[in-house]
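Asks: Structure incoming, see below.
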2 protein chains.
Amino acid sequence: MTQTPADAPQPARAATIYEVARLAGVSHQTVSRYMADRSKLKAATSEKVERAMAELNYSPNLTARSLRTRAAYRLLALVPGSSPYFPSRMLNGAAATAQEAGYHLDVVALEGTGPDRTERLRRILEGGPFAGALSFVPISGTDLLQAQERIPVVVAGEYDDKMRGQGRISEGSAAQAIVAHLAALGHRRIAHIAGPQEWPAARNRLAVYRKAVRDAGLEDGGVAEAQWSAAAGYDAARALLANPSFTAIFAANDQLAIGAIRALHDQGLRVPGDVSVVGWDDHPESAFLVPSLTTVHMDLEAQGSSAMGQLLAALNPGGMPAAEPGPTGMRLVLRESSGPAPNQGQAD
Amino acid sequence: MTQTPADAPQPARAATIYEVARLAGVSHQTVSRYMADRSKLKAATSEKVERAMAELNYSPNLTARSLRTRAAYRLLALVPGSSPYFPSRMLNGAAATAQEAGYHLDVVALEGTGPDRTERLRRILEGGPFAGALSFVPISGTDLLQAQERIPVVVAGEYDDKMRGQGRISEGSAAQAIVAHLAALGHRRIAHIAGPQEWPAARNRLAVYRKAVRDAGLEDGGVAEAQWSAAAGYDAARALLANPSFTAIFAANDQLAIGAIRALHDQGLRVPGDVSVVGWDDHPESAFLVPSLTTVHMDLEAQGSSAMGQLLAALNPGGMPAAEPGPTGMRLVLRESSGPAPNQGQAD
DNA sequence: ACGCCGGATGTTATCGATCACATAATGGTG
DNA sequence: CACCATTATGTGATCGATAACATCCGGCGT
């Protein structure tokens, strides 16, 4: 807890370029140049500066630099507010990548919707200069951010929309593997519990699901849209069960799957005996549920890191082009919640 | 994605105190004083400044202020790195509180242990001035942070150790309610799956559990320590089952409980028929598991917010004293995973 | 030899705020 | 009404970096 030792050795203000310069016997500007582009200095000078920096354990004052250059070293991470969904692992990945690139990542929970949210965002942005923003929340007014501050904004997952549009592989593509898996088990009618459609990931999974069902010559057992929570999954499954012609449910994430399984259980249906359920995300707990969850494993850290990479690339057009973001480490994990379709076509 | 409209209206540099001053017909220093303590200005002057600020939509440049005053407006939030545990909701609460107080919260994942971690922390700290740090990770070298930078550090949950030491109510106190609940159901021997003991919360729950068992005249059915994950809970439960004299397991969080239930299931034991299981945290999914989880509901946002409040209080000794942190909104939630003890004392 | 060019380095101004000190306005007193 | 203690306001310096411009220097063409 908050101790502040009184016997502090020294305030020990950090060294400045002037001190480095004096020690190295050069001008402060030379030191500045050393940092900007040492190749412009004579080897001998460069070395003197280097030694002085090392001796003083110099590190530049980002505040001062930022004041002068107007460049910002802070990035904004927008995460959902009170929603049970939280992209924690993606955030971790993103934070690590940002840090590595010398940026600071400011996390802000965006709650609510509409004007309130807009106002909140505006206030945050005016609180200080941000170099860019990475949003884990679908922002309708992407425009807003840009209109207000004209900073690059990357919405995690949105690239997928573009890729799918181009017919390229998208994050949702594992949905196809799920459908194939269920088809192989003899399921003919599959239902889908989709995530909120303002989320790119939810749109993708739904779109790929629809296409895969069509391509495989299966029938659509119904689609229910729900928020990213077990409670919503429960309700959605109950809605689907009003017209239970399916033998499998593909849920857009593991929480939804958990809610769906519970709903089936409450109706006296067994999983996977009567209905198979497949989730998405492979939460660490999913392997230990009863039944354990067939799901899609995702490397969420990598995804967060990749989204951040995109943002960094946008900030620094000179640098390496961002690694083409793509579905990283996605794979279908078969577990107990999916099994052969029952002989008699039917639930209920 | 990253659009940057070319038809940008204007760079529209933000107004400075000089512009405000000119518009108000006063000196820049007067404007500065207005912000620092407007009561020192004559009412008429104050009003002129106020109007000018409003007209120009002025907001101070924190970078410049920070350079001059050496004050920092950034706080550090340390979160676990690759661990499956992530205090997302606490982080949200903390972030919101920090924002409200005008601070920026920089999130950093602290991975690994020992020297690597220390080095990483050192590098982060020297990357810029931080006003304080809030750690959701137990940091052994709390000293480190302070030695290096002498900033206030609050480790979330640590106040509990102190409070328990003082015989005051602590975060772990609901453990007593759990034991009482199980005792009322006829359980005489309870086992505990404890969290990693470097975490204050884990220590608290274990300590209160031990005391409650003793006070209630029950027997300790064994304690196994585990990381905060379902997998670890599974292993811990298996270890406990080597000597299965208990009829109930109290797990230090919901993930551990999930793992334990799975382990019991794999041994052919029913929950709660043969063994009752109680978790802690009340994850949103826990109500939908089969069986649904008896657990302790926590207002994690409030806890995060309260931890941040402590930090803010430490930063600003003049301000209001931090609200005495305490177990907020904790309550035992009874669900299916706990039930009457089996007639025959025994598992197996 | 001269002048000119370009690369390496030095000097001074600047970013936008606060600090330290100087000065002007105010007000109470004898 | 002069005087001094306060209070209110203005002026110039400063935080630590980069930008802009000036200067120095060696080599090369004519």
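In the structure tokens, chains take the letters A, B, ... in the order shown, each chain's residues start at 1, and ligands count up from 1 in the order shown.
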Using all C-alpha atoms paired in order, least-squares fit chain A onto chain B and give me the moved copy as a JSON list (two decimals) with C-alpha atoms, in the first residue's frame.

Replies:
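Okay, this is what ended up in superposed.json:
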[["chain", "number", "residue", "atom", "x", "y", "z"],
["A", 1, "MET", "CA", -10.82, 1.53, -41.09],
["A", 2, "THR", "CA", -8.23, 4.21, -41.12],
["A", 3, "GLN", "CA", -9.60, 6.78, -43.41],
["A", 4, "THR", "CA", -8.12, 10.21, -43.42],
["A", 5, "PRO", "CA", -10.39, 12.55, -45.26],
["A", 6, "ALA", "CA", -8.44, 14.82, -47.55],
["A", 7, "ASP", "CA", -10.99, 17.57, -47.48],
["A", 8, "ALA", "CA", -10.12, 18.33, -43.91],
["A", 9, "PRO", "CA", -11.64, 21.61, -42.84],
["A", 10, "GLN", "CA", -8.70, 23.03, -40.91],
["A", 11, "PRO", "CA", -5.87, 21.86, -38.71],
["A", 12, "ALA", "CA", -7.65, 24.03, -36.17],
["A", 13, "ARG", "CA", -4.98, 24.25, -33.56],
["A", 14, "ALA", "CA", -6.43, 24.48, -30.14],
["A", 15, "ALA", "CA", -6.53, 27.84, -28.45],
["A", 16, "THR", "CA", -3.81, 28.74, -25.95],
["A", 17, "ILE", "CA", -3.94, 30.84, -22.85],
["A", 18, "TYR", "CA", -2.43, 33.70, -24.81],
["A", 19, "GLU", "CA", -5.33, 33.81, -27.18],
["A", 20, "VAL", "CA", -7.77, 33.57, -24.35],
["A", 21, "ALA", "CA", -5.91, 36.35, -22.58],
["A", 22, "ARG", "CA", -5.97, 38.62, -25.58],
["A", 23, "LEU", "CA", -9.66, 38.04, -26.15],
["A", 24, "ALA", "CA", -10.41, 38.69, -22.50],
["A", 25, "GLY", "CA", -8.15, 41.72, -22.38],
["A", 26, "VAL", "CA", -5.99, 40.36, -19.57],
["A", 27, "SER", "CA", -2.57, 38.81, -19.28],
["A", 28, "HIS", "CA", -1.94, 35.15, -19.90],
["A", 29, "GLN", "CA", -0.99, 34.70, -16.30],
["A", 30, "THR", "CA", -4.40, 35.84, -15.23],
["A", 31, "VAL", "CA", -5.87, 33.13, -17.37],
["A", 32, "SER", "CA", -3.54, 30.64, -15.76],
["A", 33, "ARG", "CA", -4.61, 31.85, -12.37],
["A", 34, "TYR", "CA", -8.22, 31.49, -13.34],
["A", 35, "MET", "CA", -7.61, 27.80, -13.82],
["A", 36, "ALA", "CA", -5.56, 27.36, -10.71],
["A", 37, "ASP", "CA", -7.81, 29.21, -8.33],
["A", 38, "ARG", "CA", -10.37, 31.54, -9.68],
["A", 39, "SER", "CA", -11.25, 32.84, -6.25],
["A", 40, "LYS", "CA", -8.10, 34.92, -6.37],
["A", 41, "LEU", "CA", -9.44, 36.99, -9.22],
["A", 42, "LYS", "CA", -11.85, 39.87, -9.13],
["A", 43, "ALA", "CA", -15.30, 38.76, -10.12],
["A", 44, "ALA", "CA", -15.32, 40.97, -13.19],
["A", 45, "THR", "CA", -11.97, 39.65, -14.44],
["A", 46, "SER", "CA", -12.95, 36.12, -13.74],
["A", 47, "GLU", "CA", -16.03, 36.53, -15.82],
["A", 48, "LYS", "CA", -14.20, 38.03, -18.75],
["A", 49, "VAL", "CA", -11.83, 35.08, -18.76],
["A", 50, "GLU", "CA", -14.67, 32.68, -18.51],
["A", 51, "ARG", "CA", -16.40, 34.17, -21.50],
["A", 52, "ALA", "CA", -13.24, 34.14, -23.58],
["A", 53, "MET", "CA", -12.59, 30.53, -22.74],
["A", 54, "ALA", "CA", -16.08, 29.56, -23.69],
["A", 55, "GLU", "CA", -15.90, 31.43, -26.94],
["A", 56, "LEU", "CA", -12.62, 29.84, -27.96],
["A", 57, "ASN", "CA", -13.63, 26.48, -26.60],
["A", 58, "TYR", "CA", -10.39, 26.49, -24.71],
["A", 59, "SER", "CA", -8.95, 23.46, -23.03],
["A", 60, "PRO", "CA", -5.50, 23.49, -21.51],
["A", 61, "ASN", "CA", -2.63, 21.68, -23.09],
["A", 62, "LEU", "CA", -1.75, 19.02, -20.58],
["A", 63, "THR", "CA", 1.54, 18.35, -22.23],
["A", 64, "ALA", "CA", 2.75, 21.87, -21.69],
["A", 65, "ARG", "CA", 1.43, 21.98, -18.19],
["A", 66, "SER", "CA", 3.06, 18.71, -17.39],
["A", 67, "LEU", "CA", 6.38, 19.87, -18.77],
["A", 68, "ARG", "CA", 6.38, 22.91, -16.59],
["A", 69, "THR", "CA", 5.00, 21.47, -13.39],
["A", 70, "ARG", "CA", 6.65, 18.10, -13.66],
["A", 71, "ALA", "CA", 3.34, 16.74, -12.57],
["A", 72, "ALA", "CA", 2.20, 13.68, -14.38],
["A", 73, "TYR", "CA", -1.28, 12.95, -15.48],
["A", 74, "ARG", "CA", -0.75, 9.37, -16.29],
["A", 75, "LEU", "CA", -1.40, 6.40, -14.12],
["A", 76, "LEU", "CA", -0.17, 2.93, -14.68],
["A", 77, "ALA", "CA", -2.45, -0.08, -14.49],
["A", 78, "LEU", "CA", -0.60, -3.33, -14.19],
["A", 79, "VAL", "CA", -2.53, -6.35, -15.27],
["A", 80, "PRO", "CA", -1.51, -9.98, -15.47],
["A", 81, "GLY", "CA", 0.11, -10.92, -18.70],
["A", 82, "SER", "CA", -0.75, -14.19, -20.27],
["A", 83, "SER", "CA", -2.61, -15.50, -17.28],
["A", 84, "PRO", "CA", -6.15, -16.58, -18.01],
["A", 85, "TYR", "CA", -7.16, -14.33, -15.18],
["A", 86, "PHE", "CA", -7.84, -10.81, -16.20],
["A", 87, "PRO", "CA", -9.47, -8.26, -13.96],
["A", 88, "SER", "CA", -11.42, -6.78, -16.82],
["A", 89, "ARG", "CA", -14.33, -5.48, -14.88],
["A", 90, "MET", "CA", -12.18, -4.08, -12.14],
["A", 91, "LEU", "CA", -10.11, -2.42, -14.80],
["A", 92, "ASN", "CA", -13.16, -0.85, -16.31],
["A", 93, "GLY", "CA", -14.18, 0.56, -13.00],
["A", 94, "ALA", "CA", -10.71, 1.83, -12.31],
["A", 95, "ALA", "CA", -10.38, 3.38, -15.75],
["A", 96, "ALA", "CA", -13.64, 5.22, -15.42],
["A", 97, "THR", "CA", -12.68, 6.64, -12.06],
["A", 98, "ALA", "CA", -9.26, 7.69, -13.27],
["A", 99, "GLN", "CA", -10.70, 9.40, -16.28],
["A", 100, "GLU", "CA", -13.13, 11.28, -14.16],
["A", 101, "ALA", "CA", -10.31, 12.61, -12.07],
["A", 102, "GLY", "CA", -8.53, 13.83, -15.16],
["A", 103, "TYR", "CA", -5.90, 11.15, -15.32],
["A", 104, "HIS", "CA", -4.99, 8.89, -18.15],
["A", 105, "LEU", "CA", -4.69, 5.24, -17.44],
["A", 106, "ASP", "CA", -2.00, 3.36, -19.23],
["A", 107, "VAL", "CA", -2.49, -0.35, -19.26],
["A", 108, "VAL", "CA", 0.51, -2.59, -19.17],
["A", 109, "ALA", "CA", 0.54, -6.33, -19.09],
["A", 110, "LEU", "CA", 3.15, -7.63, -16.72],
["A", 111, "GLU", "CA", 4.28, -11.01, -17.80],
["A", 112, "GLY", "CA", 6.64, -13.48, -16.33],
["A", 113, "THR", "CA", 8.37, -13.13, -13.05],
["A", 114, "GLY", "CA", 11.63, -12.18, -11.50],
["A", 115, "PRO", "CA", 14.30, -10.18, -13.26],
["A", 116, "ASP", "CA", 12.62, -10.04, -16.64],
["A", 117, "ARG", "CA", 9.56, -8.53, -15.20],
["A", 118, "THR", "CA", 11.54, -6.10, -13.12],
["A", 119, "GLU", "CA", 13.47, -4.98, -16.13],
["A", 120, "ARG", "CA", 10.30, -4.53, -18.12],
["A", 121, "LEU", "CA", 8.77, -2.46, -15.39],
["A", 122, "ARG", "CA", 11.84, -0.32, -15.17],
["A", 123, "ARG", "CA", 11.71, 0.39, -18.86],
["A", 124, "ILE", "CA", 8.08, 1.27, -18.76],
["A", 125, "LEU", "CA", 8.56, 3.64, -15.88],
["A", 126, "GLU", "CA", 11.37, 5.45, -17.55],
["A", 127, "GLY", "CA", 9.27, 5.81, -20.66],
["A", 128, "GLY", "CA", 7.54, 8.74, -19.12],
["A", 129, "PRO", "CA", 6.41, 10.23, -15.91],
["A", 130, "PHE", "CA", 3.70, 8.37, -14.09],
["A", 131, "ALA", "CA", 1.83, 9.87, -11.22],
["A", 132, "GLY", "CA", 1.07, 6.52, -9.67],
["A", 133, "ALA", "CA", 0.36, 2.91, -10.32],
["A", 134, "LEU", "CA", -2.49, 0.59, -9.64],
["A", 135, "SER", "CA", -1.54, -3.02, -9.79],
["A", 136, "PHE", "CA", -3.89, -5.89, -10.27],
["A", 137, "VAL", "CA", -0.93, -8.18, -10.04],
["A", 138, "PRO", "CA", 0.75, -8.97, -6.79],
["A", 139, "ILE", "CA", 4.09, -7.22, -7.00],
["A", 140, "SER", "CA", 6.58, -8.55, -4.59],
["A", 141, "GLY", "CA", 8.96, -5.74, -5.27],
["A", 142, "THR", "CA", 6.50, -3.04, -4.51],
["A", 143, "ASP", "CA", 9.73, -1.55, -3.37],
["A", 144, "LEU", "CA", 10.95, -1.61, -6.89],
["A", 145, "LEU", "CA", 8.39, 0.79, -8.14],
["A", 146, "GLN", "CA", 9.05, 3.09, -5.29],
["A", 147, "ALA", "CA", 12.77, 2.84, -5.35],
["A", 148, "GLN", "CA", 12.81, 3.64, -9.03],
["A", 149, "GLU", "CA", 10.37, 6.43, -9.18],
["A", 150, "ARG", "CA", 8.91, 7.01, -5.81],
["A", 151, "ILE", "CA", 5.35, 7.10, -6.94],
["A", 152, "PRO", "CA", 2.42, 5.88, -4.94],
["A", 153, "VAL", "CA", 1.49, 2.34, -5.71],
["A", 154, "VAL", "CA", -1.72, 0.64, -4.77],
["A", 155, "VAL", "CA", -2.03, -3.07, -5.16],
["A", 156, "ALA", "CA", -5.68, -3.90, -5.62],
["A", 157, "GLY", "CA", -6.95, -6.01, -2.80],
["A", 158, "GLU", "CA", -4.01, -5.51, -0.54],
["A", 159, "TYR", "CA", -5.86, -3.29, 1.83],
["A", 160, "ASP", "CA", -7.71, -6.40, 2.82],
["A", 161, "ASP", "CA", -4.67, -7.88, 4.39],
["A", 162, "LYS", "CA", -4.40, -4.86, 6.56],
["A", 163, "MET", "CA", -8.05, -4.89, 7.47],
["A", 164, "ARG", "CA", -8.08, -8.52, 8.34],
["A", 165, "GLY", "CA", -5.01, -7.89, 10.43],
["A", 166, "GLN", "CA", -6.97, -5.28, 12.29],
["A", 167, "GLY", "CA", -9.84, -7.66, 12.81],
["A", 168, "ARG", "CA", -11.97, -5.53, 10.53],
["A", 169, "ILE", "CA", -14.21, -6.87, 7.86],
["A", 170, "SER", "CA", -12.32, -7.90, 4.77],
["A", 171, "GLU", "CA", -13.06, -8.85, 1.25],
["A", 172, "GLY", "CA", -12.75, -12.49, 2.19],
["A", 173, "SER", "CA", -15.47, -12.29, 4.79],
["A", 174, "ALA", "CA", -18.08, -13.85, 2.56],
["A", 175, "ALA", "CA", -16.09, -17.04, 2.95],
["A", 176, "GLN", "CA", -17.68, -17.21, 6.34],
["A", 177, "ALA", "CA", -21.13, -17.03, 4.80],
["A", 178, "ILE", "CA", -20.17, -19.88, 2.50],
["A", 179, "VAL", "CA", -19.05, -22.07, 5.35],
["A", 180, "ALA", "CA", -22.20, -21.27, 7.30],
["A", 181, "HIS", "CA", -24.31, -22.06, 4.27],
["A", 182, "LEU", "CA", -22.63, -25.42, 3.79],
["A", 183, "ALA", "CA", -22.81, -26.22, 7.49],
["A", 184, "ALA", "CA", -26.52, -25.50, 7.43],
["A", 185, "LEU", "CA", -26.86, -28.02, 4.64],
["A", 186, "GLY", "CA", -25.28, -30.63, 6.85],
["A", 187, "HIS", "CA", -21.76, -30.63, 5.51],
["A", 188, "ARG", "CA", -19.17, -31.42, 8.16],
["A", 189, "ARG", "CA", -16.01, -31.63, 6.12],
["A", 190, "ILE", "CA", -15.29, -28.99, 3.53],
["A", 191, "ALA", "CA", -12.29, -28.76, 1.24],
["A", 192, "HIS", "CA", -10.88, -25.55, -0.15],
["A", 193, "ILE", "CA", -9.24, -24.85, -3.46],
["A", 194, "ALA", "CA", -7.24, -21.75, -2.77],
["A", 195, "GLY", "CA", -5.95, -19.25, -5.29],
["A", 196, "PRO", "CA", -2.26, -18.42, -5.64],
["A", 197, "GLN", "CA", -1.20, -17.19, -2.24],
["A", 198, "GLU", "CA", 0.69, -14.22, -3.51],
["A", 199, "TRP", "CA", -2.70, -12.69, -4.25],
["A", 200, "PRO", "CA", -4.23, -10.91, -1.32],
["A", 201, "ALA", "CA", -7.72, -12.04, -2.29],
["A", 202, "ALA", "CA", -6.59, -15.65, -2.27],
["A", 203, "ARG", "CA", -4.93, -15.26, 1.11],
["A", 204, "ASN", "CA", -8.01, -13.65, 2.54],
["A", 205, "ARG", "CA", -10.40, -16.25, 1.35],
["A", 206, "LEU", "CA", -8.21, -19.00, 2.68],
["A", 207, "ALA", "CA", -7.72, -17.32, 6.03],
["A", 208, "VAL", "CA", -11.38, -16.58, 6.53],
["A", 209, "TYR", "CA", -12.27, -20.09, 5.42],
["A", 210, "ARG", "CA", -9.92, -21.58, 7.99],
["A", 211, "LYS", "CA", -11.25, -19.44, 10.75],
["A", 212, "ALA", "CA", -14.87, -20.07, 9.82],
["A", 213, "VAL", "CA", -14.39, -23.81, 9.71],
["A", 214, "ARG", "CA", -12.75, -23.72, 13.11],
["A", 215, "ASP", "CA", -15.38, -21.44, 14.60],
["A", 216, "ALA", "CA", -18.20, -23.57, 13.27],
["A", 217, "GLY", "CA", -16.64, -26.68, 14.74],
["A", 218, "LEU", "CA", -16.26, -28.28, 11.31],
["A", 219, "GLU", "CA", -13.35, -30.24, 9.97],
["A", 220, "ASP", "CA", -10.94, -29.09, 7.34],
["A", 221, "GLY", "CA", -11.32, -31.44, 4.40],
["A", 222, "GLY", "CA", -8.07, -30.31, 2.84],
["A", 223, "VAL", "CA", -6.69, -27.31, 1.05],
["A", 224, "ALA", "CA", -5.13, -27.31, -2.38],
["A", 225, "GLU", "CA", -3.52, -24.25, -3.88],
["A", 226, "ALA", "CA", -3.96, -23.54, -7.55],
["A", 227, "GLN", "CA", -3.58, -20.83, -10.15],
["A", 228, "TRP", "CA", -6.70, -18.90, -11.08],
["A", 229, "SER", "CA", -7.81, -21.19, -13.87],
["A", 230, "ALA", "CA", -10.25, -23.97, -14.57],
["A", 231, "ALA", "CA", -7.40, -26.27, -15.51],
["A", 232, "ALA", "CA", -5.72, -25.65, -12.18],
["A", 233, "GLY", "CA", -9.02, -26.18, -10.40],
["A", 234, "TYR", "CA", -9.37, -29.48, -12.15],
["A", 235, "ASP", "CA", -5.95, -30.64, -11.01],
["A", 236, "ALA", "CA", -6.47, -29.37, -7.49],
["A", 237, "ALA", "CA", -9.77, -31.20, -7.18],
["A", 238, "ARG", "CA", -8.18, -34.39, -8.38],
["A", 239, "ALA", "CA", -5.49, -33.98, -5.77],
["A", 240, "LEU", "CA", -8.11, -33.46, -3.09],
["A", 241, "LEU", "CA", -10.02, -36.49, -4.33],
["A", 242, "ALA", "CA", -7.06, -38.69, -3.53],
["A", 243, "ASN", "CA", -8.31, -38.44, 0.00],
["A", 244, "PRO", "CA", -11.99, -37.75, -0.39],
["A", 245, "SER", "CA", -13.35, -37.24, 3.06],
["A", 246, "PHE", "CA", -15.25, -34.07, 2.22],
["A", 247, "THR", "CA", -18.76, -33.48, 0.96],
["A", 248, "ALA", "CA", -18.22, -29.93, -0.24],
["A", 249, "ILE", "CA", -15.61, -27.89, -2.02],
["A", 250, "PHE", "CA", -15.23, -24.19, -1.63],
["A", 251, "ALA", "CA", -13.24, -22.83, -4.57],
["A", 252, "ALA", "CA", -11.64, -19.42, -4.46],
["A", 253, "ASN", "CA", -13.16, -18.38, -7.75],
["A", 254, "ASP", "CA", -15.63, -19.51, -10.36],
["A", 255, "GLN", "CA", -13.04, -20.85, -12.77],
["A", 256, "LEU", "CA", -11.59, -23.06, -10.11],
["A", 257, "ALA", "CA", -15.08, -24.23, -9.28],
["A", 258, "ILE", "CA", -15.73, -25.11, -12.90],
["A", 259, "GLY", "CA", -12.57, -27.17, -13.04],
["A", 260, "ALA", "CA", -13.47, -28.86, -9.78],
["A", 261, "ILE", "CA", -16.94, -29.75, -10.97],
["A", 262, "ARG", "CA", -15.47, -31.29, -14.07],
["A", 263, "ALA", "CA", -13.03, -33.31, -12.00],
["A", 264, "LEU", "CA", -15.86, -34.59, -9.83],
["A", 265, "HIS", "CA", -17.86, -35.41, -12.91],
["A", 266, "ASP", "CA", -14.96, -37.38, -14.33],
["A", 267, "GLN", "CA", -14.84, -39.39, -11.12],
["A", 268, "GLY", "CA", -18.49, -40.22, -11.43],
["A", 269, "LEU", "CA", -19.49, -37.93, -8.59],
["A", 270, "ARG", "CA", -22.55, -35.78, -8.95],
["A", 271, "VAL", "CA", -22.80, -32.12, -8.03],
["A", 272, "PRO", "CA", -24.47, -31.40, -5.70],
["A", 273, "GLY", "CA", -25.73, -34.96, -5.08],
["A", 274, "ASP", "CA", -22.41, -36.27, -3.86],
["A", 275, "VAL", "CA", -20.35, -33.13, -3.43],
["A", 276, "SER", "CA", -21.41, -29.52, -3.25],
["A", 277, "VAL", "CA", -19.27, -26.89, -4.93],
["A", 278, "VAL", "CA", -19.19, -23.18, -4.26],
["A", 279, "GLY", "CA", -17.33, -20.62, -6.32],
["A", 280, "TRP", "CA", -16.55, -16.94, -5.99],
["A", 281, "ASP", "CA", -16.98, -13.90, -8.26],
["A", 282, "ASP", "CA", -20.30, -14.70, -9.88],
["A", 283, "HIS", "CA", -19.20, -14.53, -13.45],
["A", 284, "PRO", "CA", -22.09, -13.71, -15.70],
["A", 285, "GLU", "CA", -21.98, -17.23, -17.10],
["A", 286, "SER", "CA", -22.10, -18.95, -13.75],
["A", 287, "ALA", "CA", -25.86, -18.73, -13.50],
["A", 288, "PHE", "CA", -26.22, -20.67, -16.74],
["A", 289, "LEU", "CA", -23.91, -23.57, -16.12],
["A", 290, "VAL", "CA", -25.24, -27.02, -15.49],
["A", 291, "PRO", "CA", -25.35, -27.13, -12.54],
["A", 292, "SER", "CA", -25.55, -23.40, -12.01],
["A", 293, "LEU", "CA", -22.95, -22.18, -9.59],
["A", 294, "THR", "CA", -23.48, -21.15, -6.01],
["A", 295, "THR", "CA", -21.05, -18.30, -5.69],
["A", 296, "VAL", "CA", -20.31, -14.94, -4.18],
["A", 297, "HIS", "CA", -21.47, -12.00, -6.18],
["A", 298, "MET", "CA", -19.01, -9.17, -6.35],
["A", 299, "ASP", "CA", -19.33, -5.73, -7.77],
["A", 300, "LEU", "CA", -16.02, -5.83, -9.53],
["A", 301, "GLU", "CA", -16.41, -2.48, -11.20],
["A", 302, "ALA", "CA", -16.96, -0.91, -7.82],
["A", 303, "GLN", "CA", -13.92, -2.65, -6.45],
["A", 304, "GLY", "CA", -11.76, -1.41, -9.28],
["A", 305, "SER", "CA", -13.15, 2.02, -8.87],
["A", 306, "SER", "CA", -12.52, 1.93, -5.16],
["A", 307, "ALA", "CA", -8.94, 0.81, -5.61],
["A", 308, "MET", "CA", -8.44, 3.68, -8.00],
["A", 309, "GLY", "CA", -10.02, 5.98, -5.47],
["A", 310, "GLN", "CA", -7.40, 4.96, -2.98],
["A", 311, "LEU", "CA", -4.67, 5.70, -5.43],
["A", 312, "LEU", "CA", -6.13, 9.09, -6.25],
["A", 313, "ALA", "CA", -6.38, 9.90, -2.59],
["A", 314, "ALA", "CA", -2.73, 9.04, -2.17],
["A", 315, "LEU", "CA", -1.84, 11.30, -5.07],
["A", 316, "ASN", "CA", -3.80, 14.18, -3.83],
["A", 317, "PRO", "CA", -3.50, 14.25, -0.07],
["A", 318, "GLY", "CA", -5.38, 17.50, 0.09],
["A", 319, "GLY", "CA", -8.50, 16.11, -1.50],
["A", 320, "MET", "CA", -11.21, 14.14, 0.11],
["A", 321, "PRO", "CA", -9.94, 11.15, 2.00],
["A", 322, "ALA", "CA", -10.55, 8.03, -0.01],
["A", 323, "ALA", "CA", -13.77, 6.33, 0.81],
["A", 324, "GLU", "CA", -12.81, 3.61, 3.19],
["A", 325, "PRO", "CA", -12.53, 0.71, 0.78],
["A", 326, "GLY", "CA", -14.62, -2.19, 1.77],
["A", 327, "PRO", "CA", -16.37, -5.22, 0.48],
["A", 328, "THR", "CA", -18.89, -3.67, -1.83],
["A", 329, "GLY", "CA", -22.03, -5.40, -2.90],
["A", 330, "MET", "CA", -20.77, -8.81, -1.87],
["A", 331, "ARG", "CA", -23.42, -11.42, -1.34],
["A", 332, "LEU", "CA", -23.75, -15.15, -1.45],
["A", 333, "VAL", "CA", -25.82, -16.33, -4.38],
["A", 334, "LEU", "CA", -27.37, -19.73, -3.85],
["A", 335, "ARG", "CA", -27.75, -21.88, -6.92],
["A", 336, "GLU", "CA", -27.76, -25.52, -7.90],
["A", 337, "SER", "CA", -24.18, -26.53, -7.23],
["A", 338, "SER", "CA", -24.66, -26.60, -3.48],
["A", 339, "GLY", "CA", -27.15, -28.87, -1.78],
["A", 340, "PRO", "CA", -27.69, -31.01, 1.28],
["A", 341, "ALA", "CA", -24.86, -33.24, 2.31],
["A", 342, "PRO", "CA", -25.41, -36.85, 1.29],
["A", 343, "ASN", "CA", -26.70, -39.10, 4.07],
["A", 344, "GLN", "CA", -23.76, -41.39, 3.98],
["A", 345, "GLY", "CA", -20.89, -39.15, 4.84],
["A", 346, "GLN", "CA", -18.98, -39.98, 1.75],
["A", 347, "ALA", "CA", -17.62, -39.43, -1.68],
["A", 348, "ASP", "CA", -16.33, -42.55, -3.41]]

Asks: Pull out every residue of chain C that has at least one atom within 10 Å of chain A, counting only C-alpha atoms (C1' of nucleotides), and report them as a PyMOL selection string.

Replies: chain C and resi 7-11+14-16

Asks: Kindly save the residues from that selection, with C-alpha atoms (C1' of nucleotides) included, as an mmCIF file, in the first residue's frame.

Replies:
data_model
loop_
_atom_site.group_PDB
_atom_site.id
_atom_site.type_symbol
_atom_site.label_atom_id
_atom_site.label_comp_id
_atom_site.auth_asym_id
_atom_site.auth_seq_id
_atom_site.Cartn_x
_atom_site.Cartn_y
_atom_site.Cartn_z
ATOM 1 C "C1'" DG C 7 27.935 17.926 -44.922
ATOM 2 C "C1'" DA C 8 28.621 18.489 -39.958
ATOM 3 C "C1'" DT C 9 27.796 21.235 -36.127
ATOM 4 C "C1'" DG C 10 26.378 25.356 -33.369
ATOM 5 C "C1'" DT C 11 22.872 29.227 -32.023
ATOM 6 C "C1'" DT C 14 9.628 28.079 -30.170
ATOM 7 C "C1'" DC C 15 5.841 24.777 -28.395
ATOM 8 C "C1'" DG C 16 2.030 26.275 -24.168
#

Asks: Skipping near chain neighbours, those fewer than 5 positions away, what residues fall within 10 Å of segment 11-13 of chain D using only C-alpha atoms (C1' of nucleotides), listed as a VMD selection string?

Replies: (chain B and resid 27 29) or (chain C and resid 19 to 23)

Asks: Could those selected residues go to a file with C-alpha atoms (C1' of nucleotides), as a compact mmCIF listing (two decimals), in the first residue's frame?

Replies:
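Result written to out.txt:
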# COMPACT_ATOMS: atom_id res chain seq x y z
CA SER B 27 -2.53 38.90 -19.48
CA GLN B 29 -0.90 34.86 -16.44
C1' DC C 19 6.86 30.23 -11.74
C1' DA C 20 9.13 34.16 -9.76
C1' DC C 21 9.21 38.55 -9.39
C1' DA C 22 7.78 43.42 -10.53
C1' DT C 23 4.26 46.61 -10.59
